[in-house]
Amino acid sequence: MERVELDEIYTNISIVDRNSNRKTLITYDDLLTNDENGNLSKRLLIQGEGGVGKTTLCAKIAWDWCQGRILQDLDMVLLIPLRDVTNKKSIGGIVKTYLSDSNTAKMNQIHDYITRNQSRVLIIFDGFDEFNGKLSEINSSEVIRILGIEQYKSCKVIVTTRPWRTDEFMMDENIADAYTFLSVDGFSKENLSTYIRRYFRIVKKNNLAESLISFMEENDVIQSNMAPFPIYCAMLCLMWKDFSEERRTEMQHLQTFSMIFFEMVSFLKEHYASKACANLQNQNIVEHLTEADIAIQEIGEIALNGLLDRTLSFPENTFRKCLKAMKTCCRVGVLTIERDVITRDRRRNLNVSSLVASTVSFPHKLFQEYVAAVYIGYLFTNNRTKYKKVKKKLLRRPKEFRYVLYFASASGKELGLDIIKGLINCVIYTSSSYLLYFNGEDGKRDFCVDVAFECHTEEAARAVGERWGEYTLYQYSSEHTLLGVAFMMRKNQVVSDTA
């Protein structure tokens, strides 16, 4: 995988202010001067789908502050990836893990400094949807107390999350009033062209930039599903650079999120297999592709259990029963492993003597969701009893597991139909709990249309069409849902109307 400097490749993404009745597009500079006095708002909640650029935006803010470009009235900016934080961890403890042994600051000293200088401290919590803790918890962790305005009340706070968990902030009136709610919508058409041109200038293949831009502009389905998402654009640029002209033409047939992502994973597996064959003479590339498929399947249960428990980083010994598969997945690129030196304080707190800690994670949550879906496909074929138990858990939290359901439904006709029938028969929850809801009958219908579109079979369209014979399109309907309705109309399964 290629690495480029953030300053070289970063391109502005579209940020929408959702506090007013009208959606107001704001710029990166607006984001940092978003209150009436031209300063950073005290608390921002930024929502966006997976891969839309939330984490990169956080990194950009922290990097620009380090470089003296922004927010120089602040003494401290803390960027905390919540996927790496346990529920009971203190902010002082989190910061201490990033400091070297030569730094003598204690956890309580860090806490005291923040307490005394709250107005000059910004804490960025990235990935609340990846954090195993709830705002409603009574005996809450320090992270939850900060987010819930019970601790460090005068600190500036930015939190990012996938949309399904935004409601947790809205259900409490005091918390909702304290936050400015924003949405990251990814690249605009202009931003997309800028990003692509920058990428191919960096890799010194400028001639490919315009052909990729034209390809995305001319293919409505690709443009709608892919263009706003920096993670997809980055992968597409990499693929476009390495693919033959024939393979680029074949990509015009990609029509759904799942098709796009499956193609990306195939690219990673092919890259791994080609490299392995180059290093080992007389090896068949098919053998290495098969090895990669088996490895992904073998780590699938860990990926799925992690999602169910909201665990996204794992100690290396979690993979002790599938160590070879883990190493293969690291080489393919669907897993990453980090080895960090453990400071004295951490060794003392963890009661371990080892100087090195190894942490295994997925490069993005979408990869973990894909691997979990592969495992669900395996269960559907080989262990139907366990599959039914897993499906029941997923359907109790459908929005949280949206992409798992997408990928699983797209992996096989029978599996997709079974998932859709399960969704159709689901009870509509109206509980205030963020875990259990479909937002009414319309929300349930839209979700089923989305999954049927990903499944992309006539049987899936028929199942949804038999449940909802007519469909009203609203201005607020997502692009993905609109594509799903168009797909079902082509299959003559729904009659649409516009509202």
# chains A, B, ... in the order shown; residues from 1 in each chain; ligands from 1
>>> select_by_dssp(residues="stretch 26-271 of chain A", states="strand (DSSP E)", output="VMD selection string")
chain A and resid 26 43 to 47 76 to 81 121 to 126 156 to 161 180 to 186
>>> residues_around(residues="A:Leu122", least_positions_apart="4", cutoff="6 Å", atoms="only C-alpha atoms", output="list in words")
Val77, Lys156 and Val157 of chain A
>>> write_last_selection(atoms="N, CA, C and O atoms", output="CSV table (one decimal), in the first residue's frame")
chain,number,residue,atom,x,y,z
A,77,VAL,N,-4.2,20.0,22.0
A,77,VAL,CA,-5.2,19.3,21.2
A,77,VAL,C,-5.0,17.8,21.3
A,77,VAL,O,-3.9,17.4,21.0
A,156,LYS,N,-13.2,22.5,24.9
A,156,LYS,CA,-13.8,22.3,23.5
A,156,LYS,C,-13.7,20.9,23.1
A,156,LYS,O,-12.7,20.2,23.4
A,157,VAL,N,-14.8,20.4,22.6
A,157,VAL,CA,-14.9,18.9,22.3
A,157,VAL,C,-15.4,18.7,20.9
A,157,VAL,O,-16.4,19.4,20.5
>>> residues_around(residues="A:Gly148", least_positions_apart="2", cutoff="7 Å", atoms="only C-alpha atoms", output="list in words")
Leu135, Ile144, Arg145, Ile146, Glu150 and Ile175 of chain A
>>> residues_around(residues="A:Arg198", least_positions_apart="3", cutoff="9 Å", atoms="only C-alpha atoms", output="list of chain:residue names")
A:Glu8, A:Ile9, A:Tyr10, A:Thr11, A:Ser193, A:Thr194, A:Tyr195, A:Arg201, A:Ile202, A:Val203, A:Asn206, A:Ala209
>>> write_last_selection(atoms="N, CA, C and O atoms", output="compact mmCIF listing (two decimals), in the first residue's frame")
# COMPACT_ATOMS: atom_id res chain seq x y z
N GLU A 8 -0.07 16.76 1.03
CA GLU A 8 -0.04 16.61 -0.42
C GLU A 8 -1.38 16.16 -0.97
O GLU A 8 -1.77 16.54 -2.07
N ILE A 9 -2.10 15.33 -0.23
CA ILE A 9 -3.27 14.66 -0.77
C ILE A 9 -4.58 15.19 -0.22
O ILE A 9 -5.63 15.05 -0.84
N TYR A 10 -4.56 15.82 0.98
CA TYR A 10 -5.82 16.20 1.62
C TYR A 10 -6.63 17.14 0.73
O TYR A 10 -6.11 18.12 0.20
N THR A 11 -7.91 16.82 0.60
CA THR A 11 -8.84 17.63 -0.18
C THR A 11 -10.07 17.90 0.67
O THR A 11 -10.55 16.99 1.36
N SER A 193 -12.63 15.75 -8.28
CA SER A 193 -11.67 15.97 -9.37
C SER A 193 -10.34 16.45 -8.82
O SER A 193 -9.27 16.02 -9.28
N THR A 194 -10.39 17.34 -7.82
CA THR A 194 -9.15 17.84 -7.22
C THR A 194 -8.36 16.70 -6.59
O THR A 194 -7.13 16.60 -6.76
N TYR A 195 -9.04 15.85 -5.83
CA TYR A 195 -8.36 14.73 -5.15
C TYR A 195 -7.71 13.80 -6.17
O TYR A 195 -6.55 13.41 -6.01
N ARG A 201 -0.85 13.14 -9.77
CA ARG A 201 0.35 13.98 -9.85
C ARG A 201 1.43 13.44 -8.91
O ARG A 201 2.62 13.41 -9.26
N ILE A 202 1.02 12.99 -7.74
CA ILE A 202 1.97 12.44 -6.77
C ILE A 202 2.63 11.18 -7.30
O ILE A 202 3.84 10.98 -7.15
N VAL A 203 1.84 10.29 -7.93
CA VAL A 203 2.39 9.03 -8.45
C VAL A 203 2.96 9.19 -9.86
O VAL A 203 3.38 8.21 -10.48
N ASN A 206 -0.06 11.51 -14.52
CA ASN A 206 -1.09 12.52 -14.74
C ASN A 206 -2.07 12.13 -15.84
O ASN A 206 -3.23 12.55 -15.82
N ALA A 209 -5.47 10.62 -14.72
CA ALA A 209 -6.42 11.36 -13.89
C ALA A 209 -7.70 11.69 -14.65
O ALA A 209 -8.81 11.44 -14.16
>>> closest_atom_pairs(of="stretch 153-262 of chain A", to="stretch 401-420 of chain A", cutoff="10 Å", atoms="only C-alpha atoms", output="JSON lines")
{"residue": "A:Trp164", "atom": "CA", "partner": "A:Arg402", "partner_atom": "CA", "distance": 9.4}
{"residue": "A:Thr256", "atom": "CA", "partner": "A:Ala410", "partner_atom": "CA", "distance": 9.2}
{"residue": "A:Phe257", "atom": "CA", "partner": "A:Tyr406", "partner_atom": "CA", "distance": 8.0}
{"residue": "A:Ser258", "atom": "CA", "partner": "A:Phe407", "partner_atom": "CA", "distance": 5.6}
{"residue": "A:Met259", "atom": "CA", "partner": "A:Ala410", "partner_atom": "CA", "distance": 7.9}
{"residue": "A:Phe261", "atom": "CA", "partner": "A:Phe407", "partner_atom": "CA", "distance": 8.6}
{"residue": "A:Phe262", "atom": "CA", "partner": "A:Phe407", "partner_atom": "CA", "distance": 8.5}
>>> atom_distance(atom1="atom CA of A:Cys233", atom2="atom CA of A:Lys60")
17.9 Å
>>> select_by_dssp(residues="stretch 211-257 of chain A", states="helix (DSSP H, G or I)", output="MDAnalysis selection string")
chainID A and resid 211:218 220:226 230:242 245:253 257
>>> residues_around(residues="A:Ile296", least_positions_apart="5", cutoff="8 Å", atoms="only C-alpha atoms", output="short mmCIF file (atom, residue, chain, number, x, y, z; two decimals) with N, CA, C and O atoms, in the first residue's frame")
data_model
loop_
_atom_site.label_atom_id
_atom_site.label_comp_id
_atom_site.auth_asym_id
_atom_site.auth_seq_id
_atom_site.Cartn_x
_atom_site.Cartn_y
_atom_site.Cartn_z
N ALA A 325 -3.49 -17.56 9.67
CA ALA A 325 -4.49 -16.79 8.94
C ALA A 325 -4.35 -15.31 9.23
O ALA A 325 -4.49 -14.47 8.33
N CYS A 329 -3.66 -12.41 6.48
CA CYS A 329 -4.56 -11.26 6.33
C CYS A 329 -3.81 -9.94 6.48
O CYS A 329 -4.16 -8.94 5.84
N VAL A 371 -15.32 -8.85 6.50
CA VAL A 371 -14.84 -10.16 6.97
C VAL A 371 -15.93 -10.85 7.79
O VAL A 371 -16.13 -12.07 7.68
N VAL A 374 -18.36 -12.41 5.43
CA VAL A 374 -17.83 -13.66 4.87
C VAL A 374 -18.10 -14.82 5.82
O VAL A 374 -18.52 -15.91 5.41
#
>>> closest_residue(among="A:Gln297, A:Thr249, A:Gln72, A:Thr481", to="A:Thr328", atoms="only C-alpha atoms")
A:Gln297
>>> residues_around(residues="A:Phe243", least_positions_apart="2", cutoff="12 Å", atoms="only C-alpha atoms", output="mmCIF file with N, CA, C and O atoms, in the first residue's frame")
data_model
loop_
_atom_site.group_PDB
_atom_site.id
_atom_site.type_symbol
_atom_site.label_atom_id
_atom_site.label_comp_id
_atom_site.auth_asym_id
_atom_site.auth_seq_id
_atom_site.Cartn_x
_atom_site.Cartn_y
_atom_site.Cartn_z
ATOM 1 N N LEU A 208 -3.618 9.493 -16.367
ATOM 2 C CA LEU A 208 -4.733 8.650 -15.939
ATOM 3 C C LEU A 208 -5.804 9.428 -15.187
ATOM 4 O O LEU A 208 -6.934 8.946 -15.039
ATOM 5 N N LEU A 212 -10.046 8.731 -15.342
ATOM 6 C CA LEU A 212 -10.802 8.295 -14.167
ATOM 7 C C LEU A 212 -11.925 9.279 -13.845
ATOM 8 O O LEU A 212 -13.046 8.861 -13.517
ATOM 9 N N MET A 235 -9.011 4.029 -2.961
ATOM 10 C CA MET A 235 -8.821 2.675 -3.489
ATOM 11 C C MET A 235 -9.004 2.643 -5.000
ATOM 12 O O MET A 235 -8.274 1.949 -5.713
ATOM 13 N N LEU A 236 -9.978 3.402 -5.513
ATOM 14 C CA LEU A 236 -10.211 3.410 -6.951
ATOM 15 C C LEU A 236 -9.022 4.006 -7.694
ATOM 16 O O LEU A 236 -8.636 3.517 -8.763
ATOM 17 N N CYS A 237 -8.431 5.054 -7.131
ATOM 18 C CA CYS A 237 -7.231 5.637 -7.752
ATOM 19 C C CYS A 237 -6.113 4.597 -7.820
ATOM 20 O O CYS A 237 -5.428 4.469 -8.846
ATOM 21 N N LEU A 238 -5.921 3.872 -6.730
ATOM 22 C CA LEU A 238 -4.872 2.857 -6.690
ATOM 23 C C LEU A 238 -5.133 1.760 -7.719
ATOM 24 O O LEU A 238 -4.229 1.313 -8.427
ATOM 25 N N MET A 239 -6.399 1.333 -7.810
ATOM 26 C CA MET A 239 -6.761 0.295 -8.772
ATOM 27 C C MET A 239 -6.629 0.796 -10.205
ATOM 28 O O MET A 239 -6.134 0.093 -11.082
ATOM 29 N N TRP A 240 -7.079 2.020 -10.436
ATOM 30 C CA TRP A 240 -7.019 2.593 -11.783
ATOM 31 C C TRP A 240 -5.577 2.697 -12.270
ATOM 32 O O TRP A 240 -5.291 2.502 -13.441
ATOM 33 N N LYS A 241 -4.688 2.992 -11.337
ATOM 34 C CA LYS A 241 -3.268 3.106 -11.678
ATOM 35 C C LYS A 241 -2.682 1.757 -12.111
ATOM 36 O O LYS A 241 -1.875 1.681 -13.041
ATOM 37 N N GLU A 245 -6.264 -1.608 -19.259
ATOM 38 C CA GLU A 245 -7.376 -0.889 -19.878
ATOM 39 C C GLU A 245 -8.633 -1.763 -19.891
ATOM 40 O O GLU A 245 -9.754 -1.273 -19.660
ATOM 41 N N GLU A 246 -8.461 -3.048 -20.134
ATOM 42 C CA GLU A 246 -9.608 -3.969 -20.151
ATOM 43 C C GLU A 246 -10.271 -4.049 -18.773
ATOM 44 O O GLU A 246 -11.504 -4.034 -18.660
ATOM 45 N N ARG A 247 -9.455 -4.106 -17.736
ATOM 46 C CA ARG A 247 -10.004 -4.204 -16.379
ATOM 47 C C ARG A 247 -10.719 -2.904 -15.991
ATOM 48 O O ARG A 247 -11.741 -2.931 -15.309
ATOM 49 N N ARG A 248 -10.206 -1.784 -16.432
ATOM 50 C CA ARG A 248 -10.875 -0.512 -16.146
ATOM 51 C C ARG A 248 -12.260 -0.481 -16.785
ATOM 52 O O ARG A 248 -13.218 0.025 -16.204
ATOM 53 N N THR A 249 -12.352 -1.021 -18.004
ATOM 54 C CA THR A 249 -13.646 -1.060 -18.694
ATOM 55 C C THR A 249 -14.639 -1.941 -17.947
ATOM 56 O O THR A 249 -15.825 -1.612 -17.835
ATOM 57 N N GLU A 250 -14.149 -3.042 -17.397
ATOM 58 C CA GLU A 250 -15.020 -3.962 -16.662
ATOM 59 C C GLU A 250 -15.619 -3.310 -15.423
ATOM 60 O O GLU A 250 -16.705 -3.683 -14.966
ATOM 61 N N MET A 251 -14.921 -2.325 -14.888
ATOM 62 C CA MET A 251 -15.390 -1.682 -13.671
ATOM 63 C C MET A 251 -16.674 -0.882 -13.883
ATOM 64 O O MET A 251 -17.353 -0.507 -12.921
ATOM 65 N N GLU A 263 -14.723 -5.746 -5.173
ATOM 66 C CA GLU A 263 -13.677 -5.524 -6.179
ATOM 67 C C GLU A 263 -12.398 -5.022 -5.519
ATOM 68 O O GLU A 263 -11.284 -5.418 -5.897
ATOM 69 N N MET A 264 -12.547 -4.168 -4.522
ATOM 70 C CA MET A 264 -11.375 -3.653 -3.804
ATOM 71 C C MET A 264 -10.649 -4.770 -3.062
ATOM 72 O O MET A 264 -9.416 -4.851 -3.091
ATOM 73 N N PHE A 267 -8.810 -6.886 -5.431
ATOM 74 C CA PHE A 267 -7.571 -6.216 -5.833
ATOM 75 C C PHE A 267 -6.469 -6.469 -4.804
ATOM 76 O O PHE A 267 -5.324 -6.770 -5.142
ATOM 77 N N GLU A 270 -5.320 -10.080 -5.074
ATOM 78 C CA GLU A 270 -4.504 -10.288 -6.276
ATOM 79 C C GLU A 270 -3.110 -9.697 -6.093
ATOM 80 O O GLU A 270 -2.111 -10.293 -6.530
ATOM 81 N N HIS A 271 -3.050 -8.541 -5.456
ATOM 82 C CA HIS A 271 -1.753 -7.903 -5.195
ATOM 83 C C HIS A 271 -0.905 -8.788 -4.280
ATOM 84 O O HIS A 271 0.298 -8.979 -4.505
#
>>> atom_distance(atom1="atom CA of A:Tyr272", atom2="atom CA of A:Leu304")
23.7 Å
>>> atom_distance(atom1="atom CA of A:Gly51", atom2="atom CA of A:Ile231")
5.0 Å
